$ cat coords-v6.txt   # compact mmCIF, C-alpha atoms
# COMPACT_ATOMS: atom_id res chain seq x y z
CA MET A 1 157.63 89.26 142.41
CA PRO A 2 153.91 88.77 141.59
CA SER A 3 152.73 89.18 138.01
CA ARG A 4 149.46 89.50 136.15
CA GLU A 5 148.57 88.27 132.67
CA TYR A 6 147.03 90.54 130.06
CA GLN A 7 145.71 89.49 126.66
CA LEU A 8 146.99 92.25 124.38
CA SER A 9 146.08 92.81 120.73
CA SER A 10 147.34 95.14 118.04
CA GLY A 11 145.70 98.55 118.30
CA PRO A 12 144.06 99.90 121.47
CA ASN A 13 143.55 97.71 124.57
CA LEU A 14 141.34 99.04 127.39
CA ILE A 15 143.04 97.87 130.60
CA SER A 16 144.00 98.90 134.11
CA PHE A 17 146.99 98.44 136.35
CA PRO A 18 145.71 98.30 139.97
CA PHE A 19 149.22 98.02 141.38
CA LEU A 20 151.57 99.95 143.66
CA LYS A 21 155.27 99.76 144.40
CA GLN A 22 156.32 98.07 147.63
CA ASP A 23 156.58 101.41 149.43
CA GLY A 24 152.95 102.25 148.51
CA THR A 25 153.78 104.80 145.82
CA ARG A 26 152.72 104.80 142.17
CA TYR A 27 154.94 103.45 139.39
CA LEU A 28 156.60 105.77 136.89
CA LEU A 29 155.71 104.64 133.35
CA GLU A 30 159.26 103.57 132.53
CA GLU A 31 159.53 101.61 135.81
CA PHE A 32 156.32 99.72 135.26
CA PHE A 33 156.90 98.73 131.66
CA GLU A 34 160.53 97.67 132.12
CA SER A 35 159.41 94.28 133.49
CA ILE A 36 157.86 93.09 130.21
CA GLU A 37 159.60 91.46 127.27
CA GLN A 38 161.55 93.66 124.87
CA ASN A 39 159.53 92.60 121.81
CA VAL A 40 156.38 93.83 123.59
CA ILE A 41 157.95 97.12 124.73
CA GLN A 42 159.06 97.87 121.15
CA ASN A 43 155.42 97.65 120.02
CA ILE A 44 153.93 100.01 122.61
CA GLU A 45 152.94 103.27 120.93
CA GLY A 46 151.28 105.04 123.84
CA LEU A 47 149.06 105.10 126.89
CA ILE A 48 145.91 107.24 127.18
CA GLY A 49 144.02 108.00 130.40
CA THR A 50 141.28 110.47 131.28
CA GLY A 51 142.65 113.82 130.11
CA ILE A 52 146.27 112.60 130.01
CA CYS A 53 148.45 110.61 127.67
CA ALA A 54 152.02 109.64 126.90
CA SER A 55 153.68 108.53 123.69
CA HIS A 56 156.32 105.84 123.80
CA ILE A 57 159.07 107.03 121.46
CA ALA A 58 161.86 104.60 122.40
CA PRO A 59 162.40 101.88 125.03
CA GLY A 60 162.16 103.63 128.41
CA VAL A 61 161.38 107.03 126.84
CA TRP A 62 157.90 108.50 127.25
CA ILE A 63 156.70 112.00 126.42
CA GLY A 64 153.42 113.61 127.40
CA SER A 65 151.39 114.58 130.44
CA LEU A 66 151.12 111.02 131.80
CA SER A 67 154.11 110.11 133.97
CA HIS A 68 152.77 107.70 136.63
CA ILE A 69 150.41 104.72 136.63
CA ASP A 70 147.30 105.57 138.66
CA PRO A 71 145.97 102.27 140.03
CA ARG A 72 142.39 103.61 140.05
CA MET A 73 142.38 104.66 136.38
CA GLY A 74 141.59 102.79 133.20
CA TYR A 75 143.88 103.24 130.20
CA TRP A 76 143.96 102.63 126.48
CA LEU A 77 147.30 100.90 125.86
CA LYS A 78 148.02 101.39 122.15
CA MET A 79 150.02 98.64 120.52
CA SER A 80 151.44 98.89 116.99
CA ASN A 81 149.64 97.29 114.06
CA ASN A 82 152.61 94.90 113.72
CA PHE A 83 152.06 93.50 117.22
CA GLU A 84 150.86 89.89 117.26
CA ASP A 85 148.15 89.11 119.80
CA GLN A 86 149.65 87.50 122.89
CA ILE A 87 149.44 87.11 126.62
CA VAL A 88 151.86 89.49 128.35
CA GLN A 89 153.07 89.22 131.96
CA PHE A 90 153.32 92.48 133.92
CA GLN A 91 155.24 92.30 137.20
CA TYR A 92 154.33 94.43 140.19
CA ASP A 93 155.06 94.74 143.89
CA GLU A 94 151.56 95.02 145.39
CA ARG A 95 147.91 95.12 144.36
CA ILE A 96 145.99 98.10 145.65
CA PRO A 97 143.98 97.10 148.69
CA VAL A 98 140.33 96.54 147.86
CA THR A 99 137.89 97.05 150.69
CA SER A 100 134.20 97.88 150.89
CA ASN A 101 135.33 101.52 151.15
CA TYR A 102 137.38 101.55 147.92
CA THR A 103 136.88 104.94 146.25
CA TRP A 104 137.41 106.52 142.88
CA GLU A 105 137.74 110.25 142.30
CA LEU A 106 134.76 110.39 139.94
CA ASN A 107 134.36 114.12 139.56
CA SER A 108 136.08 116.98 141.33
CA GLN A 109 132.83 119.00 141.09
CA GLY A 110 130.60 116.31 142.60
CA PHE A 111 128.02 114.54 140.51
CA LEU A 112 126.24 117.67 139.29
CA THR A 113 128.38 117.81 136.15
CA PRO A 114 128.23 114.47 134.31
CA ARG A 115 131.41 113.49 132.55
CA THR A 116 133.09 110.48 131.07
CA ILE A 117 136.03 109.04 132.98
CA MET A 118 138.16 105.93 132.61
CA LEU A 119 138.40 103.69 135.65
CA SER A 120 140.24 100.63 136.86
CA TYR A 121 138.32 97.66 138.25
CA PRO A 122 140.60 96.41 141.05
CA GLY A 123 138.48 93.46 142.20
CA LEU A 124 139.94 89.99 142.44
CA THR A 125 136.94 88.30 140.78
CA ALA A 126 134.62 89.25 137.94
CA GLY A 127 131.08 90.39 138.65
CA LEU A 128 128.02 92.20 137.35
CA PRO A 129 127.70 95.92 138.22
CA GLN A 130 124.80 95.30 140.62
CA ASP A 131 126.89 92.73 142.49
CA VAL A 132 130.23 94.55 142.49
CA LEU A 133 129.35 98.22 142.99
CA ARG A 134 128.15 99.31 146.41
CA PRO A 135 124.37 99.91 146.29
CA GLU A 136 124.68 103.40 147.75
CA ILE A 137 126.71 104.66 144.76
CA GLN A 138 124.98 102.88 141.88
CA HIS A 139 122.40 105.64 141.41
CA MET A 140 125.22 108.07 140.54
CA ILE A 141 126.40 106.07 137.51
CA ARG A 142 124.53 106.28 134.19
CA GLY A 143 126.41 103.55 132.44
CA ILE A 144 129.67 101.67 132.15
CA ILE A 145 131.40 100.97 128.85
CA GLY A 146 134.23 98.50 128.39
CA GLU A 147 136.05 97.14 125.38
CA GLY A 148 133.17 95.64 123.36
CA VAL A 149 130.77 95.48 126.34
CA ALA A 150 128.48 97.90 128.17
CA ALA A 151 125.84 98.17 130.89
CA TYR A 152 123.22 100.86 131.37
CA ASN A 153 121.68 101.82 134.70
CA GLY A 154 117.97 101.39 133.98
CA ASP A 155 117.06 103.29 137.15
CA TYR A 156 119.11 106.41 136.34
CA ASP A 157 116.88 109.51 136.33
CA TYR A 158 118.15 112.18 133.95
CA SER A 159 115.94 114.83 135.56
CA GLU A 160 117.73 114.49 138.92
CA PRO A 161 121.31 115.77 139.35
CA GLY A 162 123.38 112.75 140.29
CA GLY A 163 120.80 110.21 139.18
CA TYR A 164 118.00 108.73 141.22
CA PRO A 165 118.75 107.96 144.88
CA ASP A 166 115.70 105.73 145.44
CA CYS A 167 117.24 102.61 143.87
CA MET A 168 118.99 101.94 147.20
CA PRO A 169 119.42 99.83 149.37
CA ASP A 170 119.37 96.88 146.96
CA GLY A 171 121.16 98.66 144.14
CA CYS A 172 119.92 99.55 140.68
CA ASN A 173 118.63 97.65 137.68
CA TRP A 174 121.54 97.22 135.23
CA VAL A 175 120.94 96.20 131.62
CA GLY A 176 123.63 95.05 129.18
CA SER A 177 126.44 92.63 128.48
CA LEU A 178 129.04 93.99 130.92
CA THR A 179 130.81 91.91 133.54
CA LEU A 180 133.45 93.90 135.45
CA THR A 181 136.69 91.94 135.08
CA PRO A 182 139.92 92.35 137.08
CA ASN A 183 142.62 94.44 135.35
CA LYS A 184 140.27 95.75 132.68
CA GLY A 185 139.57 99.44 132.22
CA TYR A 186 136.15 101.04 131.87

$ encode --input "coords-v6.txt" --output "structure tokens"
Amino acid sequence: MPSREYQLSSGPNLISFPFLKQDGTRYLLEEFFESIEQNVIQNIEGLIGTGICASHIAPGVWIGSLSHIDPRMGYWLKMSNNFEDQIVQFQYDERIPVTSNYTWELNSQGFLTPRTIMLSYPGLTAGLPQDVLRPEIQHMIRGIIGEGVAAYNGDYDYSEPGGYPDCMPDGCNWVGSLTLTPNKGY
């Protein structure tokens, strides 16, 4: 079974899990976390996504509105203060397929209502926003914030709903310290 390494620290860790079960369905929380070491599981306090969360109250027992791992979403994985920083192996069946048509559900109301969402970066290699994001969508994104890093779209026009479409076809001018990294959340 393939696995992926994560550097976890005490407190919140902004990460993503771009994985599916072998049959193409999403993992239940308890299914996904059962593959990691017991000493790590005992130190998980909760998982927070966009508008959903779950508290880990005992090994294999989660309560809250979050029941499945969405491979397109970023999450704050909250580890206890007693947790010692370490690399943790998560096992999975399959990575989500990444194609040039990979999509996120950014906003159910279109881009007319800006909002903050947490996303997964499913790429296999790290890259700058202007190199990783398709040029035709970059104008819709104001900025991207990661754990200790950020990038701002210098071409975003606040007077236009949905940004400024004229930064295509080459993409937009991004400013900041952000490199999109596989398995990180944003």

$ residues_around --input "coords-v6.txt" --residues "Tyr27 (chain A)" --least-positions-apart "4" --cutoff "7 Å" --atoms "only C-alpha atoms" --output "CSV table (one decimal) with C-alpha atoms, keeping the file's coordinate frame"
chain,number,residue,atom,x,y,z
A,20,LEU,CA,151.6,100.0,143.7
A,21,LYS,CA,155.3,99.8,144.4
A,31,GLU,CA,159.5,101.6,135.8
A,32,PHE,CA,156.3,99.7,135.3
A,68,HIS,CA,152.8,107.7,136.6
A,69,ILE,CA,150.4,104.7,136.6

$ closest_residue --input "coords-v6.txt" --among "A:Thr181, A:Pro2, A:Asn82, A:Trp174" --to "Leu124 (chain A)" --atoms "only C-alpha atoms"
A:Thr181

$ residues_near_point --input "coords-v6.txt" --point "(159.7, 107.0, 124.1)" --cutoff "12 Å" --atoms "all atoms listed in the file" --output "CSV table (one decimal) with C-alpha atoms, in the frame of the given file"
chain,number,residue,atom,x,y,z
A,29,LEU,CA,155.7,104.6,133.4
A,30,GLU,CA,159.3,103.6,132.5
A,33,PHE,CA,156.9,98.7,131.7
A,41,ILE,CA,158.0,97.1,124.7
A,42,GLN,CA,159.1,97.9,121.2
A,43,ASN,CA,155.4,97.6,120.0
A,44,ILE,CA,153.9,100.0,122.6
A,45,GLU,CA,152.9,103.3,120.9
A,46,GLY,CA,151.3,105.0,123.8
A,47,LEU,CA,149.1,105.1,126.9
A,54,ALA,CA,152.0,109.6,126.9
A,55,SER,CA,153.7,108.5,123.7
A,56,HIS,CA,156.3,105.8,123.8
A,57,ILE,CA,159.1,107.0,121.5
A,58,ALA,CA,161.9,104.6,122.4
A,59,PRO,CA,162.4,101.9,125.0
A,60,GLY,CA,162.2,103.6,128.4
A,61,VAL,CA,161.4,107.0,126.8
A,62,TRP,CA,157.9,108.5,127.2
A,63,ILE,CA,156.7,112.0,126.4
A,64,GLY,CA,153.4,113.6,127.4
A,67,SER,CA,154.1,110.1,134.0

$ closest_residue --input "coords-v6.txt" --among "A:Leu66, A:Ala126, A:Cys53, A:Ile117" --to "Asn183 (chain A)" --atoms "only C-alpha atoms"
A:Ala126

$ closest_residue --input "coords-v6.txt" --among "A:Phe90, A:Tyr186, A:Tyr156, A:Trp76" --to "Met1 (chain A)" --atoms "all atoms listed in the file"
A:Phe90

$ atom_distance --input "coords-v6.txt" --atom1 "CA of Lys78 (chain A)" --atom2 "CA of Asn13 (chain A)"
6.3 Å

$ closest_residue --input "coords-v6.txt" --among "A:Gln22, A:Thr50, A:Ser35, A:Ser10" --to "Phe83 (chain A)" --atoms "all atoms listed in the file"
A:Ser10

$ closest_residue --input "coords-v6.txt" --among "A:Thr179, A:Ala150, A:Ser159, A:Glu84" --to "Gln130 (chain A)" --atoms "all atoms listed in the file"
A:Thr179

$ closest_residue --input "coords-v6.txt" --among "A:Leu119, A:Ile52, A:Leu180, A:Met79" --to "Val132 (chain A)" --atoms "all atoms listed in the file"
A:Leu180

$ residues_around --input "coords-v6.txt" --residues "Phe17 (chain A)" --least-positions-apart "6" --cutoff "10 Å" --atoms "all atoms listed in the file" --output "tab-separated table (two decimals) with C-alpha atoms, in the coordinates of the input"
chain	number	residue	atom	x	y	z
A	4	ARG	CA	149.46	89.50	136.15
A	27	TYR	CA	154.94	103.45	139.39
A	32	PHE	CA	156.32	99.72	135.26
A	69	ILE	CA	150.41	104.72	136.63
A	70	ASP	CA	147.30	105.57	138.66
A	71	PRO	CA	145.97	102.27	140.03
A	72	ARG	CA	142.39	103.61	140.05
A	73	MET	CA	142.38	104.66	136.38
A	74	GLY	CA	141.59	102.79	133.20
A	75	TYR	CA	143.88	103.24	130.20
A	90	PHE	CA	153.32	92.48	133.92
A	92	TYR	CA	154.33	94.43	140.19
A	95	ARG	CA	147.91	95.12	144.36
A	96	ILE	CA	145.99	98.10	145.65
A	120	SER	CA	140.24	100.63	136.86
A	121	TYR	CA	138.32	97.66	138.25
A	122	PRO	CA	140.60	96.41	141.05
A	182	PRO	CA	139.92	92.35	137.08
A	183	ASN	CA	142.62	94.44	135.35
A	184	LYS	CA	140.27	95.75	132.68
A	185	GLY	CA	139.57	99.44	132.22

$ build_atoms --input "coords-v6.txt" --residues "region 30-41 of chain A" --atoms "all heavy atoms" --output "JSON list (two decimals), in the frame of the given file"
[["chain", "number", "residue", "atom", "x", "y", "z"],
["A", 30, "GLU", "N", 158.09, 104.36, 132.95],
["A", 30, "GLU", "CA", 159.26, 103.57, 132.53],
["A", 30, "GLU", "C", 159.58, 102.46, 133.52],
["A", 30, "GLU", "O", 160.05, 101.40, 133.13],
["A", 30, "GLU", "CB", 160.48, 104.46, 132.27],
["A", 30, "GLU", "CG", 160.85, 105.41, 133.38],
["A", 30, "GLU", "CD", 160.14, 106.76, 133.33],
["A", 30, "GLU", "OE1", 159.22, 106.94, 132.51],
["A", 30, "GLU", "OE2", 160.51, 107.63, 134.12],
["A", 31, "GLU", "N", 159.31, 102.66, 134.80],
["A", 31, "GLU", "CA", 159.53, 101.61, 135.81],
["A", 31, "GLU", "C", 158.58, 100.44, 135.58],
["A", 31, "GLU", "O", 158.98, 99.28, 135.62],
["A", 31, "GLU", "CB", 159.25, 102.13, 137.22],
["A", 31, "GLU", "CG", 160.25, 103.05, 137.81],
["A", 31, "GLU", "CD", 159.78, 103.54, 139.17],
["A", 31, "GLU", "OE1", 158.59, 103.88, 139.35],
["A", 31, "GLU", "OE2", 160.65, 103.59, 140.06],
["A", 32, "PHE", "N", 157.33, 100.77, 135.36],
["A", 32, "PHE", "CA", 156.32, 99.72, 135.26],
["A", 32, "PHE", "C", 156.50, 98.86, 134.02],
["A", 32, "PHE", "O", 156.40, 97.64, 134.08],
["A", 32, "PHE", "CB", 154.91, 100.33, 135.27],
["A", 32, "PHE", "CG", 153.84, 99.30, 135.33],
["A", 32, "PHE", "CD1", 153.62, 98.58, 136.50],
["A", 32, "PHE", "CD2", 153.06, 99.01, 134.24],
["A", 32, "PHE", "CE1", 152.64, 97.61, 136.57],
["A", 32, "PHE", "CE2", 152.07, 98.04, 134.30],
["A", 32, "PHE", "CZ", 151.86, 97.34, 135.46],
["A", 33, "PHE", "N", 156.79, 99.48, 132.91],
["A", 33, "PHE", "CA", 156.90, 98.73, 131.66],
["A", 33, "PHE", "C", 158.24, 98.03, 131.46],
["A", 33, "PHE", "O", 158.38, 97.21, 130.57],
["A", 33, "PHE", "CB", 156.58, 99.65, 130.47],
["A", 33, "PHE", "CG", 155.12, 99.98, 130.37],
["A", 33, "PHE", "CD1", 154.64, 101.19, 130.81],
["A", 33, "PHE", "CD2", 154.21, 99.06, 129.87],
["A", 33, "PHE", "CE1", 153.29, 101.50, 130.74],
["A", 33, "PHE", "CE2", 152.86, 99.34, 129.79],
["A", 33, "PHE", "CZ", 152.40, 100.57, 130.23],
["A", 34, "GLU", "N", 159.22, 98.31, 132.31],
["A", 34, "GLU", "CA", 160.53, 97.67, 132.12],
["A", 34, "GLU", "C", 160.50, 96.17, 132.43],
["A", 34, "GLU", "O", 161.39, 95.44, 132.03],
["A", 34, "GLU", "CB", 161.61, 98.37, 132.94],
["A", 34, "GLU", "CG", 161.52, 98.18, 134.42],
["A", 34, "GLU", "CD", 162.53, 99.01, 135.20],
["A", 34, "GLU", "OE1", 163.18, 99.89, 134.62],
["A", 34, "GLU", "OE2", 162.67, 98.76, 136.39],
["A", 35, "SER", "N", 159.46, 95.69, 133.11],
["A", 35, "SER", "CA", 159.41, 94.28, 133.49],
["A", 35, "SER", "C", 158.91, 93.37, 132.36],
["A", 35, "SER", "O", 158.99, 92.16, 132.48],
["A", 35, "SER", "CB", 158.53, 94.08, 134.72],
["A", 35, "SER", "OG", 157.16, 94.25, 134.38],
["A", 36, "ILE", "N", 158.40, 93.94, 131.27],
["A", 36, "ILE", "CA", 157.86, 93.09, 130.21],
["A", 36, "ILE", "C", 158.92, 92.85, 129.13],
["A", 36, "ILE", "O", 159.93, 93.53, 129.06],
["A", 36, "ILE", "CB", 156.57, 93.69, 129.60],
["A", 36, "ILE", "CG1", 156.82, 95.06, 128.99],
["A", 36, "ILE", "CG2", 155.48, 93.75, 130.65],
["A", 36, "ILE", "CD1", 155.59, 95.64, 128.31],
["A", 37, "GLU", "N", 158.64, 91.87, 128.29],
["A", 37, "GLU", "CA", 159.60, 91.46, 127.27],
["A", 37, "GLU", "C", 159.89, 92.58, 126.27],
["A", 37, "GLU", "O", 159.01, 93.37, 125.93],
["A", 37, "GLU", "CB", 159.07, 90.23, 126.53],
["A", 37, "GLU", "CG", 158.91, 89.02, 127.42],
["A", 37, "GLU", "CD", 158.27, 87.86, 126.68],
["A", 37, "GLU", "OE1", 158.27, 87.85, 125.43],
["A", 37, "GLU", "OE2", 157.76, 86.96, 127.36],
["A", 38, "GLN", "N", 161.11, 92.60, 125.78],
["A", 38, "GLN", "CA", 161.55, 93.66, 124.87],
["A", 38, "GLN", "C", 160.71, 93.73, 123.60],
["A", 38, "GLN", "O", 160.40, 94.82, 123.12],
["A", 38, "GLN", "CB", 163.04, 93.44, 124.53],
["A", 38, "GLN", "CG", 163.70, 94.65, 123.92],
["A", 38, "GLN", "CD", 163.72, 95.86, 124.85],
["A", 38, "GLN", "OE1", 163.79, 95.73, 126.06],
["A", 38, "GLN", "NE2", 163.65, 97.03, 124.27],
["A", 39, "ASN", "N", 160.32, 92.57, 123.05],
["A", 39, "ASN", "CA", 159.53, 92.60, 121.81],
["A", 39, "ASN", "C", 158.16, 93.23, 122.03],
["A", 39, "ASN", "O", 157.57, 93.80, 121.12],
["A", 39, "ASN", "CB", 159.39, 91.21, 121.21],
["A", 39, "ASN", "CG", 158.50, 90.30, 122.05],
["A", 39, "ASN", "OD1", 158.57, 90.31, 123.27],
["A", 39, "ASN", "ND2", 157.68, 89.51, 121.40],
["A", 40, "VAL", "N", 157.66, 93.18, 123.26],
["A", 40, "VAL", "CA", 156.38, 93.83, 123.59],
["A", 40, "VAL", "C", 156.61, 95.33, 123.76],
["A", 40, "VAL", "O", 155.87, 96.15, 123.19],
["A", 40, "VAL", "CB", 155.75, 93.22, 124.85],
["A", 40, "VAL", "CG1", 154.49, 93.97, 125.25],
["A", 40, "VAL", "CG2", 155.47, 91.74, 124.66],
["A", 41, "ILE", "N", 157.64, 95.70, 124.50],
["A", 41, "ILE", "CA", 157.95, 97.12, 124.73],
["A", 41, "ILE", "C", 158.13, 97.85, 123.40],
["A", 41, "ILE", "O", 157.65, 98.96, 123.23],
["A", 41, "ILE", "CB", 159.23, 97.26, 125.60],
["A", 41, "ILE", "CG1", 158.94, 96.76, 127.02],
["A", 41, "ILE", "CG2", 159.70, 98.71, 125.64],
["A", 41, "ILE", "CD1", 160.16, 96.70, 127.90]]
